[in-house]
file data.txt (compact mmCIF, C-alpha atoms)
# COMPACT_ATOMS: atom_id res chain seq x y z
CA MET A 335 -3.97 8.38 -35.54
CA LEU A 336 -4.73 7.21 -32.02
CA PRO A 337 -8.37 6.41 -31.05
CA GLU A 338 -10.66 9.07 -29.65
CA ILE A 339 -10.12 10.07 -26.02
CA ASN A 340 -12.49 8.60 -23.43
CA VAL A 341 -13.13 9.82 -19.90
CA ASN A 342 -10.12 7.96 -18.53
CA GLN A 343 -7.65 9.38 -21.05
CA ILE A 344 -5.90 12.68 -21.37
CA ASP A 345 -3.51 14.30 -23.81
CA ILE A 346 -0.54 15.86 -22.03
CA THR A 347 0.57 19.34 -23.08
CA LEU A 348 2.86 21.90 -21.45
CA GLU A 349 -0.25 23.56 -20.00
CA ASN A 350 -1.50 20.50 -18.10
CA PHE A 351 1.82 18.69 -17.63
CA GLN A 352 2.26 19.51 -13.93
CA HIS A 353 -1.37 18.74 -13.11
CA VAL A 354 -1.23 15.28 -14.70
CA ILE A 355 2.24 14.28 -13.54
CA LEU A 356 2.11 15.75 -10.03
CA GLU A 357 -1.58 15.80 -9.10
CA GLU A 358 -3.32 13.02 -11.03
CA SER A 359 -0.53 10.59 -10.19
CA LYS A 360 -1.29 11.00 -6.48
CA SER A 361 -4.55 9.08 -6.80
CA LYS A 362 -3.83 6.88 -9.83
CA VAL A 363 -0.97 5.30 -11.70
CA VAL A 364 -0.52 7.38 -14.87
CA MET A 365 0.35 5.30 -17.94
CA ILE A 366 1.95 7.68 -20.47
CA GLN A 367 2.20 6.64 -24.10
CA PHE A 368 4.62 8.64 -26.23
CA TRP A 369 3.43 8.48 -29.85
CA ALA A 370 3.48 10.17 -33.23
CA PRO A 371 0.86 10.20 -36.01
CA TRP A 372 3.25 8.57 -38.51
CA SER A 373 4.13 5.59 -36.25
CA GLU A 374 2.20 2.42 -37.11
CA PRO A 375 3.40 0.54 -33.96
CA CYS A 376 1.98 3.41 -31.86
CA ALA A 377 -1.39 3.10 -33.59
CA GLU A 378 -1.42 -0.68 -33.00
CA LEU A 379 -0.51 -0.34 -29.33
CA ALA A 380 -3.01 2.41 -28.51
CA PRO A 381 -6.24 0.28 -28.50
CA VAL A 382 -4.59 -2.20 -26.12
CA LEU A 383 -3.68 0.58 -23.68
CA GLN A 384 -7.06 2.20 -24.11
CA HIS A 385 -8.82 -1.05 -23.22
CA MET A 386 -6.67 -1.41 -20.09
CA ALA A 387 -7.46 2.17 -19.09
CA VAL A 388 -11.15 1.29 -19.15
CA GLU A 389 -10.60 -2.02 -17.37
CA TYR A 390 -8.58 -0.42 -14.56
CA GLN A 391 -10.31 2.97 -14.63
CA HIS A 392 -10.41 3.35 -10.85
CA VAL A 393 -6.64 3.05 -10.46
CA LEU A 394 -5.12 3.82 -13.88
CA LEU A 395 -5.09 6.93 -16.07
CA TYR A 396 -4.06 6.66 -19.73
CA ALA A 397 -2.12 9.79 -20.77
CA ARG A 398 -0.75 10.45 -24.26
CA VAL A 399 2.09 12.64 -25.49
CA ASN A 400 2.23 13.52 -29.20
CA CYS A 401 5.99 13.70 -29.65
CA ASP A 402 5.71 15.76 -32.85
CA GLU A 403 3.84 18.49 -30.96
CA GLN A 404 5.32 18.07 -27.46
CA GLN A 405 9.03 17.55 -28.10
CA GLU A 406 9.98 19.31 -24.86
CA ILE A 407 7.97 16.83 -22.76
CA ALA A 408 9.37 13.86 -24.69
CA GLY A 409 12.86 15.26 -24.06
CA GLN A 410 12.23 15.57 -20.31
CA PHE A 411 11.44 11.83 -20.19
CA GLY A 412 14.43 10.93 -22.37
CA VAL A 413 12.28 9.27 -25.04
CA LYS A 414 14.52 7.89 -27.80
CA GLY A 415 12.15 5.69 -29.79
CA LEU A 416 8.46 5.04 -30.38
CA PRO A 417 6.30 3.71 -29.00
CA THR A 418 7.48 4.32 -25.45
CA VAL A 419 5.27 3.79 -22.38
CA ILE A 420 6.17 5.03 -18.90
CA LEU A 421 4.25 4.50 -15.64
CA VAL A 422 4.23 7.40 -13.18
CA LYS A 423 3.01 7.44 -9.55
CA ASP A 424 3.32 10.32 -7.09
CA GLY A 425 5.24 12.29 -9.67
CA GLN A 426 7.94 9.62 -10.10
CA PRO A 427 8.53 7.14 -12.96
CA LEU A 428 7.85 3.55 -11.84
CA ASP A 429 8.41 1.36 -14.86
CA GLY A 430 7.98 1.27 -18.61
CA PHE A 431 9.01 -0.17 -21.94
CA ALA A 432 10.10 0.94 -25.40
CA GLY A 433 9.03 -0.62 -28.69
CA PRO A 434 6.11 -2.95 -29.46
CA GLN A 435 5.02 -5.11 -26.52
CA GLU A 436 2.68 -8.07 -26.13
CA GLU A 437 -0.46 -7.49 -24.07
CA ASN A 438 0.38 -10.14 -21.48
CA LYS A 439 3.75 -8.47 -20.84
CA ILE A 440 2.06 -5.10 -20.35
CA ARG A 441 -0.37 -6.68 -17.88
CA GLU A 442 2.51 -8.26 -15.97
CA MET A 443 4.09 -4.82 -15.66
CA LEU A 444 0.82 -3.23 -14.50
CA ASP A 445 0.19 -6.01 -11.97
CA LYS A 446 3.41 -5.07 -10.20
CA HIS A 447 2.28 -1.51 -9.62
CA LEU A 448 -1.53 -1.31 -9.59
CA PRO A 449 -3.39 -1.75 -6.30
CA LYS A 450 -4.82 -5.25 -5.88
CA ALA A 451 -8.52 -5.89 -5.31
CA GLU A 452 -7.74 -7.09 -1.79
CA ASP A 453 -6.12 -3.73 -1.01
CA GLY A 454 -9.42 -1.93 -1.55
CA LEU A 455 -11.30 -4.48 0.56
CA LEU A 456 -8.72 -4.25 3.33
CA HIS A 457 -8.95 -0.45 3.27
CA SER A 458 -12.74 -0.64 3.56
CA ALA A 459 -12.41 -3.01 6.52
CA MET A 460 -9.92 -0.67 8.21
CA GLU A 461 -12.23 2.33 7.77
CA LEU A 462 -15.10 0.44 9.43
CA VAL A 463 -12.87 -0.81 12.25
CA LEU A 464 -11.87 2.79 12.98
CA GLN A 465 -15.60 3.50 13.38
CA GLY A 466 -15.95 0.49 15.71
CA ASN A 467 -18.14 -1.29 13.15
CA TYR A 468 -16.62 -4.76 13.23
CA LYS A 469 -19.78 -6.46 12.01
CA ASP A 470 -19.59 -4.79 8.58
CA ALA A 471 -15.78 -4.81 8.57
CA PHE A 472 -15.89 -8.60 8.87
CA SER A 473 -17.46 -8.94 5.41
CA PHE A 474 -14.73 -6.88 3.71
CA ALA A 475 -11.95 -8.60 5.68
CA LYS A 476 -13.31 -12.02 4.70
CA GLN A 477 -13.40 -11.10 1.00
CA ALA A 478 -9.82 -9.81 1.18
CA PHE A 479 -8.73 -12.96 3.03
CA GLU A 480 -10.33 -15.17 0.37
CA LEU A 481 -8.37 -13.32 -2.33
CA ASN A 482 -5.05 -13.42 -0.47
CA ASN A 483 -4.68 -15.36 2.78
CA GLU A 484 -0.88 -15.17 2.78
CA ARG A 485 -0.58 -11.47 3.58
CA ALA A 486 0.00 -10.84 7.27
CA ASP A 487 -1.93 -7.54 7.31
CA ILE A 488 -5.03 -9.22 5.87
CA ARG A 489 -4.65 -12.23 8.18
CA LEU A 490 -4.42 -9.95 11.23
CA MET A 491 -7.45 -7.91 10.14
CA MET A 492 -9.43 -11.12 9.76
CA ALA A 493 -8.29 -12.28 13.20
CA ASP A 494 -9.23 -8.93 14.74
CA CYS A 495 -12.72 -9.16 13.27
CA TYR A 496 -13.08 -12.76 14.43
CA VAL A 497 -12.32 -11.74 18.03
CA GLU A 498 -14.83 -8.90 17.95
CA VAL A 499 -17.67 -11.02 16.54
CA GLY A 500 -17.18 -13.82 19.03
CA GLN A 501 -14.93 -16.27 17.19
CA ALA A 502 -11.82 -16.07 19.36
CA GLU A 503 -10.76 -19.63 18.58
CA LEU A 504 -10.69 -18.93 14.83
CA ALA A 505 -8.79 -15.71 15.53
CA LYS A 506 -6.25 -17.69 17.53
CA GLN A 507 -5.73 -20.14 14.66
CA LEU A 508 -5.02 -17.28 12.25
CA VAL A 509 -2.64 -15.48 14.60
CA GLU A 510 -0.68 -18.68 15.27
CA GLN A 511 0.20 -18.80 11.56
CA VAL A 512 1.68 -15.28 11.45
CA LYS A 513 5.42 -15.45 10.79
CA LEU A 514 7.94 -14.00 13.26
CA VAL A 515 8.91 -11.20 10.87
CA ASP A 516 5.27 -10.00 10.82
CA GLN A 517 4.71 -10.09 14.57
CA ASP A 518 4.39 -6.34 14.99
CA GLY A 519 2.39 -4.14 17.36
CA LYS A 520 -0.87 -5.05 15.64
CA TYR A 521 -0.10 -8.73 16.13
CA HIS A 522 0.53 -8.31 19.86
CA ALA A 523 -2.59 -6.15 20.27
CA ILE A 524 -4.75 -8.90 18.77
CA LEU A 525 -3.06 -11.51 20.96
CA GLY A 526 -4.06 -9.38 23.95
CA LYS A 527 -7.64 -9.18 22.69
CA ILE A 528 -7.78 -12.96 22.35
CA GLU A 529 -6.52 -13.44 25.92
CA LEU A 530 -9.11 -11.00 27.28
CA SER A 531 -11.83 -12.70 25.26
CA GLU A 532 -10.84 -16.09 26.65
CA GLN A 533 -10.95 -14.73 30.20
CA ALA A 534 -14.40 -13.22 29.63
CA ALA A 535 -15.55 -16.48 28.09
CA ASP A 536 -15.12 -18.27 31.41
CA SER A 537 -16.74 -15.79 33.78
CA PRO A 538 -17.99 -16.74 37.28
CA GLU A 539 -21.58 -16.41 35.97
CA ILE A 540 -20.91 -18.97 33.26
CA GLN A 541 -19.18 -21.32 35.66
CA GLN A 542 -22.12 -21.14 38.10
CA LEU A 543 -24.72 -21.76 35.39
CA GLN A 544 -22.71 -24.71 34.08
CA THR A 545 -22.66 -26.16 37.60
CA ASP A 546 -26.43 -25.59 37.90
CA LEU A 547 -27.03 -27.31 34.56
CA GLU A 548 -24.93 -30.31 35.54
CA ALA A 549 -27.17 -30.69 38.59
CA ASP A 550 -30.36 -30.25 36.52
CA PRO A 551 -29.49 -31.16 32.89
CA GLU A 552 -33.08 -30.95 31.61
CA ASN A 553 -33.73 -27.43 32.91
CA LYS A 554 -34.47 -25.34 29.82
CA GLU A 555 -34.49 -22.05 31.74
CA ILE A 556 -30.91 -22.62 32.92
CA LYS A 557 -29.91 -23.53 29.34
CA VAL A 558 -31.30 -20.25 27.99
CA LYS A 559 -29.61 -18.21 30.75
CA LEU A 560 -26.32 -20.01 30.11
CA ALA A 561 -26.66 -19.41 26.35
CA VAL A 562 -27.10 -15.67 26.94
CA GLN A 563 -23.97 -15.58 29.12
CA LEU A 564 -22.01 -17.63 26.59
CA HIS A 565 -23.01 -15.21 23.83
CA GLN A 566 -21.90 -12.25 25.94
CA GLY A 567 -18.62 -14.06 26.53
CA HIS A 568 -18.12 -14.39 22.75
CA ARG A 569 -18.79 -18.14 22.81
CA THR A 570 -21.44 -17.78 20.13
CA GLU A 571 -21.34 -21.26 18.65
CA GLU A 572 -21.83 -22.88 22.06
CA ALA A 573 -24.67 -20.46 22.80
CA LEU A 574 -26.47 -21.28 19.56
CA ALA A 575 -26.06 -25.02 20.04
CA LEU A 576 -27.59 -24.73 23.52
CA LEU A 577 -30.49 -22.57 22.32
CA LEU A 578 -31.20 -24.92 19.45
CA SER A 579 -31.40 -27.85 21.86
CA VAL A 580 -34.08 -25.95 23.81
CA LEU A 581 -36.08 -25.11 20.68
CA ARG A 582 -35.96 -28.69 19.42
CA GLU A 583 -37.47 -29.78 22.70
CA GLU A 584 -40.03 -26.95 22.97
CA LEU A 585 -40.23 -24.41 20.15
CA GLY A 586 -42.32 -21.93 22.12
CA PHE A 587 -40.29 -21.98 25.33
CA GLY A 588 -40.06 -18.48 26.83
CA ASP A 589 -37.93 -16.06 24.82
CA ALA A 590 -35.69 -18.81 23.46
CA LYS A 591 -36.78 -18.34 19.83
CA LYS A 592 -36.34 -14.54 19.92
CA ILE A 593 -32.95 -14.81 21.66
CA THR A 594 -31.78 -17.36 19.08
CA LEU A 595 -32.80 -15.14 16.16
CA ASP A 596 -31.18 -12.11 17.81
CA VAL A 597 -27.89 -14.00 18.22
CA ILE A 598 -27.99 -15.19 14.60
CA ASN A 599 -28.80 -11.71 13.27
CA ALA A 600 -25.97 -10.19 15.31
CA LEU A 601 -23.47 -12.31 13.40
CA PRO A 602 -21.78 -10.54 10.45
CA ASP A 603 -22.64 -11.42 6.87
CA GLY A 604 -20.19 -14.00 5.61
CA ASP A 605 -19.79 -15.76 8.96
CA PRO A 606 -20.45 -19.49 8.30
CA LEU A 607 -22.27 -19.74 11.66
CA LYS A 608 -24.90 -17.30 10.42
CA SER A 609 -25.96 -19.34 7.40
CA GLN A 610 -25.52 -22.64 9.26
CA TYR A 611 -27.83 -21.74 12.13
CA ARG A 612 -30.30 -19.88 9.94
CA ARG A 613 -30.89 -23.12 8.07
CA LYS A 614 -31.26 -25.04 11.32
CA ILE A 615 -33.71 -22.58 12.88
CA TYR A 616 -35.78 -22.28 9.70
CA SER A 617 -36.07 -26.05 9.51
CA LEU A 618 -37.71 -25.92 12.96
CA LEU A 619 -39.93 -22.90 12.24
CA TYR A 620 -41.22 -23.96 8.87
call {"tool": "encode", "arguments": {"input": "data.txt", "output": "structure tokens"}}
result
Amino acid sequence: MLPEINVNQIDITLENFQHVILEESKSKVVMIQFWAPWSEPCAELAPVLQHMAVEYQHVLLYARVNCDEQQEIAGQFGVKGLPTVILVKDGQPLDGFAGPQEENKIREMLDKHLPKAEDGLLHSAMELVLQGNYKDAFSFAKQAFELNNERADIRLMMADCYVEVGQAELAKQLVEQVKLVDQDGKYHAILGKIELSEQAADSPEIQQLQTDLEADPENKEIKVKLAVQLHQGHRTEEALALLLSVLREELGFGDAKKITLDVINALPDGDPLKSQYRRKIYSLLY
């Protein structure tokens, strides 16, 4: 006999056949095992499949067909021997195997068809971007990028987030590595964002304050004003470096400390600048 059913398993009958094959397979890959009570290979395979169903419970449903009781269903799938395992997604067979199979081979088959961890992270980033929440999207995009930095869609999402959080130069480096075949509308949209960001980063206000600072290089008030403008122009690292130079000279100067902390806190979690400058500012404060 096969093991007891858990919450991520279902026995397929004629009554629930359409629901499982057509409806459940819309949201998950359905892994169907065709078995019979008298088959020892089926009994040996079942715990392996059951364990995988638990491991991949968010994306995989383990369904079982007792071929002695459900001969019509077995016939519809053309089952000729036991055990047989078939993967179904969106109502269509994807893959499968017949006869005993080693666990690593089953995993290789599943890996080809199950959503990857980075897919979920990328989806979360996309949802937040649609809401205009690039700060939180950055964290998900970064995790996806760390898992797979070769995929163009993940690379472009990471670049998009970099532009929006003030790291246009890093965005530019990522976009430059996108292959010609992947240079789609999204690619060109991000290129446009980078160009606009670079134009904003060299505004007349910034140019004037830089000229003023060259004439009076020790003027802390000009440094703070310039840092604010640099931050607004998405030149965050330069802004923080300038603010830190003011605080090192005079910790209590004007609003410099508050502005510095505000700039740091505005950075998304996962941005190396955030942890880097937090350490630097805390070393001054404490």
call {"tool": "atom_distance", "arguments": {"input": "data.txt", "atom1": "atom CA of A:Gly588", "atom2": "atom CA of A:Glu571"}}
result
20.6 Å
call {"tool": "residues_around", "arguments": {"input": "data.txt", "residues": "stretch 383-398 of chain A", "least_positions_apart": "6", "cutoff": "8 Å", "atoms": "all atoms listed in the file", "output": "list in words"}}
result
Asn342, Gln343, Ile344, Asp345, Ile346, Ser361, Lys362, Val363, Val364, Met365, Ile366, Gln367, Phe368, Trp369, Leu448 and Pro449 of chain A
call {"tool": "closest_residue", "arguments": {"input": "data.txt", "among": "A:Val354, A:Trp372, A:Val499, A:Phe474", "to": "A:Leu462", "atoms": "all atoms listed in the file"}}
result
A:Phe474
call {"tool": "closest_residue", "arguments": {"input": "data.txt", "among": "A:Leu504, A:Gln404, A:Pro427, A:Pro375", "to": "A:Leu356", "atoms": "all atoms listed in the file"}}
result
A:Pro427
call {"tool": "residues_around", "arguments": {"input": "data.txt", "residues": "stretch 545-553 of chain A", "least_positions_apart": "3", "cutoff": "12 Å", "atoms": "all atoms listed in the file", "output": "MDAnalysis selection string"}}
result
chainID A and resid 538:542 556:561 576 579:580 583:584 587
call {"tool": "atom_distance", "arguments": {"input": "data.txt", "atom1": "atom CA of A:Tyr620", "atom2": "atom CA of A:Asp605"}}
result
22.9 Å
call {"tool": "atom_distance", "arguments": {"input": "data.txt", "atom1": "atom CA of A:Leu564", "atom2": "atom CA of A:Ala535"}}
result
6.7 Å
call {"tool": "closest_residue", "arguments": {"input": "data.txt", "among": "A:Glu406, A:Glu436, A:Glu374, A:Asp424", "to": "A:Lys360", "atoms": "only C-alpha atoms"}}
result
A:Asp424
call {"tool": "residues_around", "arguments": {"input": "data.txt", "residues": "A:Lys513", "least_positions_apart": "5", "cutoff": "12 Å", "atoms": "all atoms listed in the file", "output": "PyMOL selection string"}}
result
chain A and resi 484-487+489-490+508+518+521
call {"tool": "residues_around", "arguments": {"input": "data.txt", "residues": "A:Lys614", "least_positions_apart": "6", "cutoff": "12 Å", "atoms": "all atoms listed in the file", "output": "mmCIF file with C-alpha atoms, in the coordinates of the input"}}
result
data_model
loop_
_atom_site.group_PDB
_atom_site.id
_atom_site.type_symbol
_atom_site.label_atom_id
_atom_site.label_comp_id
_atom_site.auth_asym_id
_atom_site.auth_seq_id
_atom_site.Cartn_x
_atom_site.Cartn_y
_atom_site.Cartn_z
ATOM 1 C CA LEU A 574 -26.470 -21.280 19.560
ATOM 2 C CA ALA A 575 -26.060 -25.020 20.040
ATOM 3 C CA LEU A 577 -30.490 -22.570 22.320
ATOM 4 C CA LEU A 578 -31.200 -24.920 19.450
ATOM 5 C CA SER A 579 -31.400 -27.850 21.860
ATOM 6 C CA LEU A 581 -36.080 -25.110 20.680
ATOM 7 C CA ARG A 582 -35.960 -28.690 19.420
ATOM 8 C CA THR A 594 -31.780 -17.360 19.080
ATOM 9 C CA LEU A 595 -32.800 -15.140 16.160
ATOM 10 C CA ILE A 598 -27.990 -15.190 14.600
ATOM 11 C CA LEU A 607 -22.270 -19.740 11.660
ATOM 12 C CA LYS A 608 -24.900 -17.300 10.420
ATOM 13 C CA TYR A 620 -41.220 -23.960 8.870
#
call {"tool": "residues_near_point", "arguments": {"input": "data.txt", "point": "(-25.0, -14.4, 19.6)", "cutoff": "7 Å", "atoms": "all atoms listed in the file", "output": "PDB file with C-alpha atoms, in the frame of the given file"}}
result
ATOM      1  CA  HIS A 565     -23.010 -15.210  23.830  1.00  0.00           C
ATOM      2  CA  THR A 570     -21.440 -17.780  20.130  1.00  0.00           C
ATOM      3  CA  ALA A 573     -24.670 -20.460  22.800  1.00  0.00           C
ATOM      4  CA  ASP A 596     -31.180 -12.110  17.810  1.00  0.00           C
ATOM      5  CA  VAL A 597     -27.890 -14.000  18.220  1.00  0.00           C
ATOM      6  CA  ILE A 598     -27.990 -15.190  14.600  1.00  0.00           C
ATOM      7  CA  ALA A 600     -25.970 -10.190  15.310  1.00  0.00           C
ATOM      8  CA  LEU A 601     -23.470 -12.310  13.400  1.00  0.00           C
TER       9      LEU A 601
END
call {"tool": "closest_residue", "arguments": {"input": "data.txt", "among": "A:Gln426, A:Ser537, A:Ser609, A:Asn599", "to": "A:His568", "atoms": "only C-alpha atoms"}}
result
A:Ser537
call {"tool": "closest_residue", "arguments": {"input": "data.txt", "among": "A:Ile440, A:Leu428, A:Leu348, A:Cys376", "to": "A:Ala408", "atoms": "all atoms listed in the file"}}
result
A:Leu348
